[in-house]
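Data block for protein.cif (mmCIF, C-alpha atoms):
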data_structure
#
loop_
_atom_site.label_atom_id
_atom_site.label_comp_id
_atom_site.auth_asym_id
_atom_site.auth_seq_id
_atom_site.Cartn_x
_atom_site.Cartn_y
_atom_site.Cartn_z
CA MET T 8 0.82 60.62 44.88
CA THR T 9 1.19 62.61 48.12
CA ASP T 10 4.35 62.69 50.19
CA SER T 11 2.58 60.90 53.03
CA THR T 12 1.51 58.11 50.66
CA ARG T 13 5.07 57.77 49.38
CA ARG T 14 6.36 57.53 52.95
CA THR T 15 3.75 54.88 53.81
CA ILE T 16 4.66 52.76 50.77
CA LEU T 17 8.39 53.11 51.47
CA ALA T 18 7.93 52.13 55.11
CA GLY T 19 5.91 49.09 54.10
CA THR T 20 8.52 48.05 51.55
CA LEU T 21 11.36 48.36 54.07
CA ALA T 22 9.39 46.39 56.65
CA ALA T 23 8.69 43.63 54.14
CA SER T 24 12.36 43.51 53.14
CA THR T 25 13.44 43.29 56.78
CA LEU T 26 10.95 40.51 57.46
CA ALA T 27 12.07 38.60 54.38
CA GLY T 28 15.69 38.88 55.49
CA THR T 29 14.80 37.70 58.98
CA ARG T 30 12.90 34.73 57.60
CA ALA T 31 15.78 33.84 55.28
CA GLY T 32 18.18 33.94 58.21
CA ALA T 33 15.89 31.79 60.32
CA GLU T 34 15.50 29.26 57.50
CA ALA T 35 19.27 29.09 57.19
CA GLY T 36 19.42 28.22 60.87
CA ALA T 37 20.84 31.50 62.18
CA ALA T 38 19.27 34.84 63.02
CA PRO T 39 20.99 37.95 61.66
CA ASP T 40 23.90 38.91 63.90
CA ALA T 41 26.01 41.97 63.11
CA THR T 42 28.83 40.70 65.30
CA ARG T 43 29.40 37.62 63.15
CA THR T 44 31.39 37.47 59.93
CA PRO T 45 28.70 37.85 57.28
CA ALA T 46 28.12 34.84 55.04
CA GLN T 47 27.00 34.97 51.43
CA ALA T 48 23.59 33.67 50.38
CA PRO T 49 23.29 29.98 49.45
CA GLY T 50 24.82 29.29 46.06
CA TYR T 51 22.98 27.32 43.42
CA TYR T 52 22.05 28.03 39.83
CA ARG T 53 19.65 26.14 37.56
CA TYR T 54 19.52 25.83 33.80
CA ARG T 55 18.22 23.36 31.25
CA VAL T 56 19.93 21.15 28.72
CA GLY T 57 17.09 19.89 26.55
CA GLU T 58 14.68 18.17 28.94
CA ALA T 59 17.33 17.74 31.65
CA ARG T 60 17.54 20.21 34.49
CA VAL T 61 21.04 21.04 35.73
CA THR T 62 21.70 22.65 39.11
CA ALA T 63 25.20 23.95 39.78
CA VAL T 64 25.73 23.91 43.56
CA THR T 65 28.76 25.69 44.97
CA ASP T 66 30.98 24.04 47.55
CA GLY T 67 32.69 27.38 48.11
CA ALA T 68 36.13 28.63 47.11
CA ASN T 69 39.58 28.34 48.61
CA THR T 70 41.89 31.39 48.63
CA PHE T 71 45.58 30.86 49.36
CA PRO T 72 48.96 32.48 48.71
CA LEU T 73 50.14 31.73 45.18
CA PRO T 74 52.67 28.88 45.50
CA GLU T 75 56.07 29.24 43.89
CA ARG T 76 55.45 26.10 41.84
CA PHE T 77 51.69 26.24 41.26
CA VAL T 78 52.50 26.14 37.54
CA LEU T 79 55.31 23.65 37.09
CA ASN T 80 56.66 24.99 33.80
CA ALA T 81 56.24 28.74 34.31
CA ASP T 82 57.83 30.96 36.92
CA ARG T 83 55.76 32.54 39.63
CA ALA T 84 56.21 36.05 38.20
CA ALA T 85 54.56 35.03 34.91
CA VAL T 86 51.66 33.38 36.74
CA SER T 87 51.25 36.41 38.98
CA ALA T 88 51.24 38.69 35.92
CA ALA T 89 48.49 36.61 34.30
CA LEU T 90 46.37 37.00 37.43
CA VAL T 91 47.00 40.76 37.62
CA ALA T 92 46.06 41.11 33.94
CA ASP T 93 42.72 39.56 34.86
CA PHE T 94 42.22 42.16 37.64
CA ARG T 95 43.14 39.72 40.41
CA ASP T 96 45.56 39.86 43.29
CA GLY T 97 48.78 38.49 41.86
CA ALA T 98 49.96 37.32 45.26
CA SER T 99 47.08 34.90 45.90
CA LEU T 100 44.74 32.58 44.05
CA THR T 101 41.09 31.70 44.54
CA VAL T 102 39.93 28.27 43.36
CA PRO T 103 36.15 27.60 43.28
CA PHE T 104 34.46 24.18 43.52
CA THR T 105 31.15 23.41 41.80
CA PRO T 106 29.47 19.98 41.95
CA LEU T 107 26.34 19.37 39.85
CA VAL T 108 22.89 17.87 40.24
CA ILE T 109 21.27 16.60 37.05
CA GLU T 110 17.57 15.71 36.97
CA THR T 111 16.71 13.60 33.98
CA GLY T 112 14.48 10.62 33.28
CA GLY T 113 13.04 10.75 36.78
CA ARG T 114 16.50 10.42 38.36
CA ARG T 115 18.52 12.79 40.54
CA ILE T 116 22.22 12.49 39.74
CA VAL T 117 25.09 14.21 41.56
CA ILE T 118 28.42 14.65 39.76
CA ASP T 119 31.25 15.04 42.29
CA THR T 120 30.71 16.08 45.91
CA GLY T 121 33.10 18.83 46.97
CA ASN T 122 35.46 19.03 49.94
CA GLY T 123 33.04 17.57 52.47
CA GLU T 124 31.21 18.90 55.50
CA ALA T 125 34.22 18.30 57.73
CA ALA T 126 36.09 20.98 55.77
CA PHE T 127 33.47 23.64 56.55
CA GLN T 128 34.71 24.64 60.00
CA ALA T 129 38.34 23.84 59.24
CA SER T 130 38.27 26.33 56.35
CA GLN T 131 36.33 28.96 58.33
CA ARG T 132 33.29 28.27 56.11
CA ALA T 133 35.15 28.89 52.86
CA VAL T 134 34.58 25.37 51.49
CA GLY T 135 32.50 22.36 52.43
CA GLN T 136 29.30 24.23 51.57
CA PHE T 137 27.89 21.72 49.07
CA HIS T 138 25.53 19.82 51.36
CA ALA T 139 24.07 22.96 52.95
CA ASN T 140 23.53 24.53 49.54
CA LEU T 141 22.08 21.26 48.26
CA ARG T 142 19.39 21.52 50.95
CA MET T 143 18.77 25.17 50.10
CA ALA T 144 18.28 24.14 46.48
CA GLY T 145 15.51 21.79 47.59
CA PHE T 146 17.32 18.46 47.40
CA ASP T 147 17.19 15.78 50.08
CA ARG T 148 20.46 13.87 49.84
CA ALA T 149 18.60 10.70 50.84
CA ALA T 150 16.62 11.12 47.60
CA ILE T 151 19.72 11.24 45.38
CA ASP T 152 19.64 8.15 43.13
CA THR T 153 23.20 8.15 41.81
CA VAL T 154 26.51 9.86 42.57
CA VAL T 155 29.01 9.90 39.71
CA ILE T 156 32.65 10.56 40.59
CA SER T 157 35.07 11.96 38.00
CA HIS T 158 38.28 11.19 39.91
CA PHE T 159 39.47 10.61 43.46
CA HIS T 160 40.98 13.92 44.57
CA GLY T 161 39.60 15.05 47.92
CA ASP T 162 37.68 18.04 46.57
CA HIS T 163 35.63 15.61 44.47
CA VAL T 164 35.13 12.64 46.84
CA ASN T 165 35.22 13.96 50.42
CA GLY T 166 31.59 15.02 50.20
CA LEU T 167 30.61 11.36 49.92
CA LEU T 168 30.81 11.39 53.73
CA THR T 169 29.11 13.46 56.40
CA ALA T 170 31.12 15.40 58.97
CA ASP T 171 31.08 12.36 61.26
CA GLY T 172 32.22 9.97 58.54
CA GLN T 173 28.89 8.40 57.58
CA PRO T 174 27.62 7.93 54.00
CA ALA T 175 26.22 11.26 52.89
CA PHE T 176 24.03 9.73 50.17
CA PRO T 177 22.65 6.63 51.89
CA ASN T 178 20.39 5.48 49.04
CA ALA T 179 22.59 6.36 46.07
CA GLU T 180 24.58 4.08 43.83
CA ILE T 181 28.17 5.38 43.67
CA LEU T 182 29.69 5.21 40.18
CA VAL T 183 33.48 5.50 39.82
CA PRO T 184 35.82 5.29 36.78
CA GLU T 185 37.27 1.81 36.31
CA PRO T 186 40.88 2.98 35.76
CA GLU T 187 40.67 5.41 38.68
CA TRP T 188 39.46 2.69 41.04
CA ALA T 189 42.11 0.26 39.80
CA TYR T 190 44.89 2.79 40.43
CA TRP T 191 43.98 4.18 43.85
CA MET T 192 43.01 0.78 45.29
CA ASP T 193 46.23 -0.88 44.08
CA ASP T 194 48.47 -1.54 47.08
CA GLY T 195 51.51 -1.72 44.82
CA ALA T 196 50.82 1.69 43.29
CA MET T 197 50.38 3.10 46.78
CA SER T 198 53.70 1.63 47.95
CA ARG T 199 55.50 3.18 44.98
CA ALA T 200 53.94 6.64 45.37
CA PRO T 201 56.29 9.34 46.65
CA ALA T 202 55.70 10.74 50.12
CA GLY T 203 53.66 13.88 50.36
CA ARG T 204 50.61 14.86 48.34
CA LEU T 205 50.37 11.63 46.33
CA GLN T 206 50.67 9.35 49.36
CA ASP T 207 48.11 11.55 51.12
CA GLY T 208 45.82 11.10 48.13
CA PHE T 209 45.99 7.31 48.43
CA ARG T 210 45.24 7.47 52.14
CA ASN T 211 42.34 9.85 51.68
CA ALA T 212 40.74 7.84 48.85
CA ARG T 213 40.87 4.69 50.96
CA ARG T 214 39.51 6.54 54.01
CA VAL T 215 36.49 7.69 52.00
CA PHE T 216 35.73 4.46 50.19
CA ASP T 217 36.43 2.24 53.19
CA ALA T 218 33.79 4.24 55.07
CA LEU T 219 31.43 3.22 52.25
CA ALA T 220 32.55 -0.41 52.61
CA ARG T 221 33.91 0.00 49.07
CA LYS T 222 30.37 -0.39 47.71
CA VAL T 223 30.87 1.24 44.34
CA THR T 224 30.03 0.47 40.72
CA PRO T 225 32.99 0.98 38.36
CA TYR T 226 32.17 2.30 34.89
CA ALA T 227 34.08 2.21 31.61
CA TRP T 228 34.92 5.13 29.33
CA ASP T 229 33.13 5.91 26.07
CA ARG T 230 29.86 4.47 27.28
CA GLU T 231 26.53 5.88 28.33
CA ILE T 232 26.66 5.23 32.06
CA LEU T 233 23.24 6.76 32.75
CA PRO T 234 20.51 7.83 30.32
CA GLY T 235 21.94 10.74 28.34
CA LEU T 236 25.25 10.81 30.26
CA THR T 237 28.39 9.45 28.58
CA ALA T 238 31.73 9.02 30.36
CA LEU T 239 34.74 10.26 28.39
CA GLY T 240 38.34 9.43 29.22
CA ALA T 241 40.37 12.54 30.11
CA PRO T 242 43.55 11.12 31.71
CA GLY T 243 46.59 13.03 32.89
CA HIS T 244 45.21 14.93 35.84
CA THR T 245 44.88 11.47 37.39
CA PRO T 246 45.16 8.08 35.65
CA GLY T 247 41.38 7.64 35.52
CA HIS T 248 40.25 11.25 35.32
CA THR T 249 36.90 11.43 33.50
CA ALA T 250 34.80 14.08 31.80
CA PHE T 251 31.16 13.70 30.77
CA LEU T 252 28.82 14.62 27.95
CA LEU T 253 25.18 15.20 28.87
CA ALA T 254 22.86 15.02 25.86
CA SER T 255 19.12 15.71 25.80
CA GLY T 256 17.25 16.29 22.56
CA SER T 257 19.31 18.59 20.35
CA GLU T 258 21.25 20.12 23.26
CA SER T 259 24.38 18.99 25.08
CA LEU T 260 26.65 19.96 27.96
CA PHE T 261 30.30 19.02 28.36
CA VAL T 262 31.14 18.51 32.05
CA GLN T 263 34.92 18.92 32.03
CA SER T 264 35.74 18.01 35.64
CA ASP T 265 39.41 19.03 36.05
CA VAL T 266 40.52 19.25 32.42
CA THR T 267 41.78 22.61 33.65
CA ASN T 268 42.06 24.24 37.01
CA VAL T 269 41.09 27.95 37.01
CA PRO T 270 40.58 28.99 33.37
CA VAL T 271 42.33 32.38 33.60
CA LEU T 272 45.57 30.41 33.90
CA PHE T 273 45.06 27.06 32.19
CA ALA T 274 42.47 27.69 29.47
CA ARG T 275 44.25 30.82 28.31
CA ASN T 276 47.63 29.06 28.65
CA PRO T 277 46.88 25.40 27.86
CA GLY T 278 50.57 24.53 27.86
CA TRP T 279 50.92 25.44 31.53
CA HIS T 280 51.07 22.45 33.88
CA VAL T 281 49.30 22.74 37.23
CA MET T 282 50.97 21.17 40.26
CA TYR T 283 48.00 18.83 40.78
CA ASP T 284 48.39 16.95 37.47
CA GLN T 285 49.98 13.52 37.91
CA ASP T 286 51.07 13.31 34.28
CA PRO T 287 51.37 16.94 33.14
CA ALA T 288 52.23 16.18 29.49
CA MET T 289 49.26 13.83 29.15
CA ALA T 290 47.02 16.34 30.91
CA GLU T 291 48.08 19.02 28.41
CA ALA T 292 47.39 16.75 25.44
CA THR T 293 43.98 15.91 26.90
CA ARG T 294 43.22 19.60 27.48
CA ARG T 295 44.10 20.62 23.95
CA ARG T 296 42.14 17.74 22.42
CA ILE T 297 39.03 18.41 24.46
CA TYR T 298 39.16 22.19 24.21
CA ASP T 299 39.66 22.10 20.44
CA ARG T 300 36.50 20.01 20.21
CA ILE T 301 34.48 22.23 22.53
CA ALA T 302 35.56 25.44 20.79
CA THR T 303 34.90 24.02 17.31
CA GLU T 304 31.50 22.56 18.18
CA ARG T 305 30.54 25.55 20.38
CA THR T 306 29.44 23.13 23.09
CA LEU T 307 28.22 24.44 26.43
CA LEU T 308 30.86 23.75 29.10
CA GLN T 309 30.60 23.21 32.85
CA GLY T 310 33.93 23.60 34.66
CA PHE T 311 34.42 22.42 38.24
CA HIS T 312 36.98 25.16 38.99
CA TYR T 313 35.45 27.89 36.83
CA PRO T 314 33.91 31.00 38.48
CA PHE T 315 30.47 30.14 39.83
CA PRO T 316 28.05 29.14 38.34
CA ALA T 317 30.89 27.74 36.25
CA VAL T 318 29.06 27.39 32.92
CA GLY T 319 30.15 28.97 29.66
CA HIS T 320 31.73 28.52 26.25
CA LEU T 321 35.25 28.51 24.82
CA GLU T 322 36.73 30.32 21.87
CA LYS T 323 40.10 29.57 20.28
CA THR T 324 42.75 32.29 20.55
CA ALA T 325 46.28 32.64 19.25
CA GLN T 326 47.69 31.50 22.60
CA GLY T 327 45.04 29.01 23.67
CA TYR T 328 41.40 29.46 24.62
CA ARG T 329 39.24 32.11 26.22
CA GLU T 330 36.35 31.27 28.51
CA VAL T 331 33.10 33.14 27.86
CA LEU T 332 30.78 32.72 30.83
CA VAL T 333 27.04 32.58 30.13
CA PRO T 334 24.88 35.55 31.15
CA TRP T 335 23.10 34.99 34.45
CA ASN T 336 19.42 34.23 33.92
CA PRO T 337 17.06 34.84 36.89
CA VAL T 338 14.35 32.59 35.43
CA LEU T 339 14.68 28.88 34.61
CA ARG T 340 13.66 28.58 30.98
#

So that I can check it, write out the structure of this file as structure tokens.
Amino acid sequence: MTDSTRRTILAGTLAASTLAGTRAGAEAGAAPDATRTPAQAPGYYRYRVGEARVTAVTDGANTFPLPERFVLNADRAAVSAALVADFRDGASLTVPFTPLVIETGGRRIVIDTGNGEAAFQASQRAVGQFHANLRMAGFDRAAIDTVVISHFHGDHVNGLLTADGQPAFPNAEILVPEPEWAYWMDDGAMSRAPAGRLQDGFRNARRVFDALARKVTPYAWDREILPGLTALGAPGHTPGHTAFLLASGSESLFVQSDVTNVPVLFARNPGWHVMYDQDPAMAEATRRRIYDRIATERTLLQGFHYPFPAVGHLEKTAQGYREVLVPWNPVLR
């Protein structure tokens, strides 16, 4: 090959790459602009569980200074040291959010919905990305058949609404855990809740579900709530916190919801209690029970607050458990 031929091929390749980048920017709704803060590419990742197709869709990640009491029963220095040992900044913490879309039996099912579009600008685009990435993944939210909610914290339910407070999934049935609905919609429980985060949680849950005219379908634990999808009680994080087992053929996936927050802290140290757990002792017992099962059975695990795409396995260690994230696969098998 001559030098002139090489130069011609290289020029053509660079031109094609530039054009592809321009098209991608246009499709995302914004032309490339070097003066703007660069945004990452849309985040979604597909894999199969038997005949079911699972798409992990990122809602983004929130980075914040490590609170003094993020872990209720460990001092901040120990938590910081655990982060540094994992090659992280010990002064801050990054928490990802990963809702799912499951396609099975001709249905499109969303599990949890992220922080909501209204959070996108408020967080300077850090979170609230779920709906934009859902579109990039080829899903029309009007074509979603069912939305399954694991519990009522804002990072799981706020995406039920659009930025202007309208139903984000206008044609979907909304499934919620029976004990979770009973708790958060109980006026007496709300009146007894301490001021601060818990009272705010009551107000936010009612804001979201009132905007949906409270049109929900409560589901019970230990039942198949959709074909191949079983709801499993995992209380402690909230009274009605729920995990799920997706089964298709000989394969299965455990969708843990918030059995732990970030695994580098709470899988590796299952006795640590995160500030978001309403009943920390119960949450720990739930975590140990579920993680013992997953590690023993070598079940594939999807974690809402795990590093994206948030799918992996667990192994038992002397101190707790170690997450082993699956290798990234560029081709859907």

ask   = Any chance you could work out the residue set of the PyMOL selection byres ((chain T and resi 244) around 6) here, as a ChimeraX atom specification?
value = /T:242-243,245,284-285,290

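Separating atom CA of T:Val155 from atom CA of T:Arg294 is a distance of 21.1 Å.
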
request  = For T:Gly112, please output as number ranges by chain all residues within 10 Å (counting only C-alpha atoms; exclusion window: fewer than 2 positions along the same chain).
outcome  = T: 58-59, 109-110, 114-115, 233-235

Around all of stretch 262-270 of chain T's listed atoms, make the axis-aligned box with 5 Å on each side and tell me centre and edge lengths in Å to one decimal, as AutoDock Vina command-line options.
--center_x 36.6 --center_y 23.5 --center_z 34.5 --size_x 20.9 --size_y 21.0 --size_z 15.0

key: Resolved residues for the PyMOL selection byres ((chain T and resi 152) around 7) as a list in words   =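 This file, filtered by the PyMOL selection byres ((chain T and resi 152) around 7), leaves Arg114, Arg115, Ile116, Ala150, Ile151, Thr153, Asn178, Ala179 and Glu180 of chain T.
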
task = May I have the residues at most 12 Å from (39.6, 30.5, 18.0) in the file's coordinates, counting only C-alpha atoms, as JSON, numbers by chain?
result = {"T": [275, 298, 299, 300, 301, 302, 303, 304, 305, 320, 321, 322, 323, 324, 325, 326, 327, 328, 329, 330]}

request  = Find the residues around T:Lys222 up to 9 Å (only C-alpha atoms counted), leave out those fewer than 5 positions away in its own chain, and share them as a ChimeraX atom specification.
outcome  = /T:180-181,216-217

ask   = Quick one, how far is atom CA of T:Ala129 from atom CA of T:Thr62?
value =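 Value for the atom CA of T:Ala129-atom CA of T:Thr62 distance: 26.1 Å.
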
Compile the contact shell of T:Leu219 as a compact mmCIF listing (two decimals) with C-alpha atoms, in the frame of the given file: residues with an atom at most 10 Å away, counting all atoms listed in the file, same-chain residues fewer than 4 positions apart removed.
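Result file follows (part-v9.txt):
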# COMPACT_ATOMS: atom_id res chain seq x y z
CA LEU T 167 30.61 11.36 49.92
CA LEU T 168 30.81 11.39 53.73
CA GLY T 172 32.22 9.97 58.54
CA GLN T 173 28.89 8.40 57.58
CA PRO T 174 27.62 7.93 54.00
CA ALA T 175 26.22 11.26 52.89
CA PRO T 177 22.65 6.63 51.89
CA ILE T 181 28.17 5.38 43.67
CA ARG T 213 40.87 4.69 50.96
CA ARG T 214 39.51 6.54 54.01
CA VAL T 215 36.49 7.69 52.00
CA VAL T 223 30.87 1.24 44.34

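Residue nearest T:Gly208 within the list T:Tyr190, T:Phe261, T:Tyr52, T:Phe251: T:Tyr190 [criterion: smallest interatomic distance, all atoms listed in the file].
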
task = Give the answer as one residue: which of T:Ala317, T:Met289, T:Met197, T:Val108 has the shortest atom-to-atom distance to T:Pro270, using all atoms listed in the file?
result =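 Answer, going by the shortest atom-to-atom distance: T:Ala317.
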
query = Do you know which residues the PyMOL selection byres ((chain T and resi 156) around 6) returns on this file, as a list in words?
reply =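 Here the PyMOL selection byres ((chain T and resi 156) around 6) matches Ile118, Asp119, Val155, Ser157, His158 and Val183 of chain T.
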
ask   = atom CA of T:Ala288 and atom CA of T:Arg76 are how many Å apart?
value = 16.2 Å

request  = With a distance cut-off of 12 Å and only C-alpha atoms, select the neighbouring residues of T:Asp193, excluding the residue or stretch itself and same-chain residues fewer than 4 positions from it, and output the selection as a PyMOL selection string.
outcome  = chain T and resi 186-189+197-200+209-210+212-213

request  = Just the residues within 6 Å of stretch 136-149 of chain T, please, counting all atoms listed in the file, with nothing from its chain fewer than 3 positions along; format it as number ranges by chain.
outcome  = T: 49, 65-67, 176-178

request  = Could you tell me which of T:Asp162, T:Glu258, T:Glu291, T:Asp171 comes closest to T:Ala125 if we count only C-alpha atoms?
outcome  =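 Of T:Asp162, T:Glu258, T:Glu291, T:Asp171, the one nearest T:Ala125 is T:Asp171, counting only C-alpha atoms.
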